[in-house]
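Enquirer: My structure is in run_0.cif, and what it holds is mmCIF, C-alpha atoms:
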```
data_input
loop_
_atom_site.label_atom_id
_atom_site.label_comp_id
_atom_site.auth_asym_id
_atom_site.auth_seq_id
_atom_site.Cartn_x
_atom_site.Cartn_y
_atom_site.Cartn_z
CA MET Y 11 0.00 0.00 0.00
CA ALA Y 12 2.94 2.35 0.59
CA ASP Y 13 4.02 1.84 -3.03
CA SER Y 14 0.51 2.79 -4.21
CA GLU Y 15 0.60 5.95 -2.09
CA ASP Y 16 4.05 6.87 -3.35
CA GLN Y 17 3.01 6.33 -6.94
CA ALA Y 18 -0.15 8.42 -6.51
CA ILE Y 19 1.81 11.26 -4.92
CA LYS Y 20 4.45 10.99 -7.65
CA HIS Y 21 1.79 11.24 -10.38
CA PHE Y 22 0.20 14.19 -8.57
CA GLN Y 23 3.58 15.97 -8.34
CA GLU Y 24 4.23 15.32 -12.02
CA LEU Y 25 0.83 16.74 -12.86
CA VAL Y 26 1.50 19.89 -10.84
CA SER Y 27 5.12 20.43 -11.95
CA SER Y 28 4.74 19.70 -15.68
CA ASP Y 29 4.10 22.31 -18.32
CA LEU Y 30 0.32 22.27 -18.70
CA THR Y 31 -0.04 25.14 -21.17
CA ALA Y 32 -0.44 22.82 -24.12
CA VAL Y 33 -2.68 20.33 -22.27
CA ASP Y 34 -6.46 20.39 -22.24
CA PRO Y 35 -7.65 21.77 -18.84
CA THR Y 36 -10.52 19.31 -18.77
CA SER Y 37 -8.12 16.42 -19.16
CA ILE Y 38 -5.96 17.82 -16.37
CA GLN Y 39 -9.00 18.26 -14.10
CA ILE Y 40 -10.13 14.70 -14.76
CA ARG Y 41 -6.67 13.36 -14.07
CA ALA Y 42 -6.34 15.47 -10.93
CA SER Y 43 -9.77 14.34 -9.69
CA ALA Y 44 -8.79 10.73 -10.28
CA LEU Y 45 -5.55 11.24 -8.35
CA VAL Y 46 -7.41 12.97 -5.49
CA ALA Y 47 -9.94 10.15 -5.38
CA ARG Y 48 -7.07 7.69 -5.36
CA LEU Y 49 -5.40 9.53 -2.50
CA LYS Y 50 -8.69 9.59 -0.55
CA ALA Y 51 -9.12 5.87 -1.12
CA LEU Y 52 -5.56 5.27 -0.02
CA ASN Y 53 -6.17 7.48 3.02
CA ARG Y 54 -9.31 5.52 3.93
CA ASN Y 55 -7.41 2.29 3.50
CA ALA Y 56 -4.58 3.65 5.68
CA ASN Y 57 -7.08 4.70 8.37
CA ALA Y 58 -8.77 1.32 8.20
CA ALA Y 59 -5.39 -0.40 8.43
CA THR Y 60 -4.48 1.81 11.41
CA ARG Y 61 -7.75 0.99 13.18
CA ALA Y 62 -7.25 -2.72 12.46
CA SER Y 63 -3.70 -2.49 13.74
CA LYS Y 64 -4.88 -0.70 16.91
CA GLN Y 65 -7.60 -3.29 17.42
CA ALA Y 66 -5.12 -6.12 16.93
CA THR Y 67 -2.71 -4.40 19.32
CA THR Y 68 -5.49 -3.94 21.89
CA GLU Y 69 -6.52 -7.57 21.60
CA ALA Y 70 -2.93 -8.72 21.81
CA ARG Y 71 -2.39 -6.52 24.90
CA HIS Y 72 -5.60 -7.90 26.43
CA ASP Y 73 -4.47 -11.47 25.75
CA MET Y 74 -1.08 -10.67 27.23
CA ASP Y 75 -2.69 -9.11 30.31
CA GLN Y 76 -4.93 -12.15 30.74
CA THR Y 77 -1.95 -14.45 30.35
CA HIS Y 78 0.01 -12.39 32.88
CA LEU Y 79 -2.94 -12.43 35.28
CA GLY Y 80 -3.26 -16.18 34.86
CA LEU Y 81 0.46 -16.54 35.57
CA GLN Y 82 0.15 -14.41 38.70
CA ASN Y 83 -2.79 -16.51 39.87
CA LEU Y 84 -0.82 -19.69 39.30
CA LEU Y 85 2.15 -18.28 41.22
CA TYR Y 86 -0.17 -17.23 44.06
CA GLU Y 87 -1.76 -20.68 44.13
CA LYS Y 88 1.69 -22.28 44.06
CA ARG Y 89 2.81 -20.21 47.06
CA HIS Y 90 -0.43 -21.01 48.85
CA LEU Y 91 -0.01 -24.74 48.24
CA GLU Y 92 3.62 -24.58 49.37
CA ARG Y 93 2.53 -22.90 52.63
CA GLU Y 94 -0.19 -25.52 53.12
CA ILE Y 95 2.34 -28.30 52.51
CA ASP Y 96 4.66 -26.76 55.12
CA LYS Y 97 1.76 -26.54 57.58
CA CYS Y 98 0.89 -30.19 56.97
CA ARG Y 99 4.51 -31.19 57.50
CA GLN Y 100 4.65 -29.25 60.76
CA PHE Y 101 1.20 -30.39 61.93
CA ALA Y 102 1.25 -32.45 65.10
CA SER Y 103 -1.67 -34.87 64.85
CA ILE Y 104 -3.71 -35.76 67.91
CA TYR Y 105 -3.01 -39.45 67.31
CA GLN Y 106 0.49 -38.83 68.66
CA ASP Y 107 -1.01 -38.08 72.08
CA VAL Y 108 -3.56 -40.91 72.06
CA PRO Y 109 -2.61 -43.68 74.50
CA LEU Y 110 -2.66 -46.91 72.51
CA TYR Y 111 -2.43 -50.54 73.38
CA SER Y 112 1.20 -51.55 73.42
CA LEU Y 113 2.50 -53.40 70.40
CA SER Y 114 2.57 -56.67 72.32
CA GLU Y 115 -1.04 -56.15 73.48
CA PHE Y 116 -2.04 -55.29 69.92
CA ARG Y 117 -0.46 -58.50 68.63
CA ALA Y 118 -2.27 -60.48 71.31
CA LEU Y 119 -5.72 -58.86 71.07
CA ALA Y 120 -6.16 -57.54 67.52
CA PRO Y 121 -7.81 -59.66 64.79
CA PRO Y 122 -5.33 -61.75 62.74
CA GLU Y 123 -5.90 -59.75 59.55
CA ALA Y 124 -4.97 -56.54 61.39
CA ARG Y 125 -1.62 -57.92 62.59
CA SER Y 126 -0.37 -59.97 59.67
CA ASP Y 127 3.32 -60.12 58.83
CA ASP Y 128 2.86 -57.68 55.96
CA VAL Y 129 1.16 -55.19 58.28
CA LEU Y 130 3.82 -55.54 60.97
CA GLN Y 131 6.50 -54.74 58.40
CA ASN Y 132 4.67 -51.61 57.18
CA VAL Y 133 5.04 -48.87 59.79
CA HIS Y 134 2.32 -46.65 58.31
CA GLN Y 135 -0.25 -49.43 57.92
CA LEU Y 136 0.61 -50.78 61.35
CA MET Y 137 -0.14 -47.39 62.93
CA LEU Y 138 -3.43 -47.16 61.01
CA ASN Y 139 -4.44 -50.63 62.20
CA ARG Y 140 -3.49 -49.84 65.78
CA LEU Y 141 -5.57 -46.67 65.67
CA SER Y 142 -8.52 -48.54 64.15
CA PHE Y 143 -8.23 -51.25 66.77
CA GLU Y 144 -8.03 -48.63 69.51
CA LEU Y 145 -11.19 -46.99 68.18
CA VAL Y 146 -13.08 -50.30 68.06
CA GLU Y 147 -11.95 -51.19 71.58
CA ARG Y 148 -12.94 -47.80 72.96
CA GLN Y 149 -16.34 -48.05 71.31
CA ARG Y 150 -16.78 -51.54 72.77
CA LEU Y 151 -15.74 -50.41 76.23
CA ASP Y 152 -17.95 -47.35 75.99
CA GLN Y 153 -20.91 -49.55 75.04
CA LYS Y 154 -20.10 -51.81 78.00
CA ARG Y 155 -19.93 -48.76 80.27
CA LYS Y 156 -23.34 -47.61 79.03
CA GLU Y 157 -24.79 -51.07 79.67
CA LEU Y 158 -23.35 -51.16 83.20
CA THR Y 159 -24.58 -47.63 83.85
CA ALA Y 160 -28.07 -48.66 82.71
CA GLN Y 161 -27.93 -51.71 85.01
CA LYS Y 162 -26.77 -49.52 87.88
CA GLU Y 163 -29.61 -47.07 87.31
CA GLU Y 164 -32.09 -49.94 87.13
CA LEU Y 165 -30.76 -51.37 90.41
CA LEU Y 166 -30.92 -47.93 92.03
CA LYS Y 167 -34.49 -47.60 90.79
CA HIS Y 168 -35.48 -50.97 92.30
CA SER Y 169 -33.59 -50.11 95.48
CA LYS Y 170 -35.48 -46.83 95.78
CA LEU Y 171 -38.78 -48.66 95.23
CA LYS Y 172 -37.92 -51.21 97.90
CA LEU Y 173 -36.79 -48.46 100.25
CA ALA Y 174 -40.05 -46.62 99.65
CA THR Y 175 -41.98 -49.85 100.34
CA VAL Y 176 -40.04 -50.44 103.57
CA GLU Y 177 -40.66 -46.85 104.65
CA SER Y 178 -44.36 -47.24 103.86
CA VAL Y 179 -44.60 -50.50 105.85
CA LYS Y 180 -42.68 -48.91 108.70
CA THR Y 181 -45.07 -45.96 108.71
CA GLN Y 182 -48.06 -48.30 108.69
CA ILE Y 183 -46.61 -50.34 111.56
CA GLU Y 184 -45.99 -47.19 113.58
CA SER Y 185 -49.55 -46.08 112.87
CA LEU Y 186 -50.89 -49.46 113.95
CA MET Y 187 -48.78 -49.42 117.12
CA LYS Y 188 -49.99 -45.93 117.92
CA ALA Y 189 -53.61 -46.95 117.29
CA ALA Y 190 -53.13 -50.02 119.46
CA ALA Y 191 -51.68 -47.88 122.25
CA ASP Y 192 -54.63 -45.47 122.00
CA ILE Y 193 -57.09 -48.37 122.14
CA GLN Y 194 -55.32 -49.86 125.14
CA LYS Y 195 -55.46 -46.51 126.89
CA ARG Y 196 -59.19 -46.18 126.27
CA VAL Y 197 -59.82 -49.74 127.45
CA ASP Y 198 -57.87 -48.98 130.61
CA GLU Y 199 -59.99 -45.89 131.17
CA LEU Y 200 -63.30 -47.74 130.63
CA VAL Y 201 -62.56 -50.82 132.74
CA PRO Y 202 -62.02 -49.93 136.39
CA ALA Y 203 -59.06 -51.35 138.04
CA LEU Y 204 -59.82 -54.54 139.98
CA PRO Y 205 -59.41 -54.23 143.82
CA PRO Y 206 -56.51 -56.03 145.26
CA SER Y 207 -57.50 -59.58 146.33
CA THR Y 208 -57.87 -59.97 150.14
CA ALA Y 209 -56.13 -62.85 151.77
CA THR Y 210 -58.68 -65.36 153.29
CA THR Y 211 -58.09 -66.52 156.88
CA PRO Y 212 -58.65 -70.24 157.28
CA ALA Y 213 -61.53 -71.15 159.72
CA PRO Y 214 -60.56 -72.57 163.11
CA SER Y 215 -60.97 -76.24 163.28
#
```
For the structure just supplied, provide its representation as structure tokens.

Expert:
Amino acid sequence: MADSEDQAIKHFQELVSSDLTAVDPTSIQIRASALVARLKALNRNANAATRASKQATTEARHDMDQTHLGLQNLLYEKRHLEREIDKCRQFASIYQDVPLYSLSEFRALAPPEARSDDVLQNVHQLMLNRLSFELVERQRLDQKRKELTAQKEELLKHSKLKLATVESVKTQIESLMKAAADIQKRVDELVPALPPSTATTPAPS
């Protein structure tokens, strides 16, 4: 397109600088109009090319910005994951403070599949199995504790019922004894006391 512009300008300069006295003015005007139209067309094409170039530049810059933003996000995520990995490596799990059955107790009490030779040779799997066994044992013992607690509460309930029955019987007995004492008192008041028996003197023979 630059060659076309240069050629159009060159033709226009030749038209202006040449001796036009012997040339028909109409022909010169037509030629000049054609050159002007050509220059306008070239100018429109140049403007269109400039706009297209600006648009392409803008899109390329946008793509570059998006790529840069994506890279920054990836770097941020990488740093975040690295920090999380460090935290995990430094994390002290609660299992380290959980009192477990000793290894000998585990070998003696755990199911055979949980203490096979392969498991005993794998430190990680062995710890997992010991923790699982500890959990099962604690659940079993907790269930046993709940059952014993329920039995204790049932016995206390029966004991309270028996105690209440004993107290009720005791109260009834006391009431009966009191009623009997009142009746005896009334009987004593109604029946006069018998006179003392006089000693009889035997008749003279």

Enquirer: Selection in question (the file shown): the PyMOL selection byres ((chain Y and resi 138-151) around 9). Which residues does it include, as JSON, numbers by chain?

Expert: {"Y": [105, 108, 109, 110, 111, 113, 116, 120, 121, 124, 125, 129, 133, 134, 135, 136, 137, 152, 153, 154, 155, 156]}

Enquirer: Go ahead and compute the interatomic distance for atom CA of Y:Thr159 and atom CA of Y:Lys172, in Å to one decimal.

Expert: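 Atom-to-atom, atom CA of Y:Thr159 and atom CA of Y:Lys172 are spaced 19.7 Å apart.
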
Enquirer: So what do you get for atom CA of Y:Leu158 versus atom CA of Y:Leu119, distance-wise?

Expert: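 Interatomic distance here is 22.7 Å.
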
Enquirer: What is the distance between atom CA of Y:Arg196 and atom CA of Y:Ser178, in Å to one decimal?

Expert: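 Distance between the two atoms: 26.9 Å.
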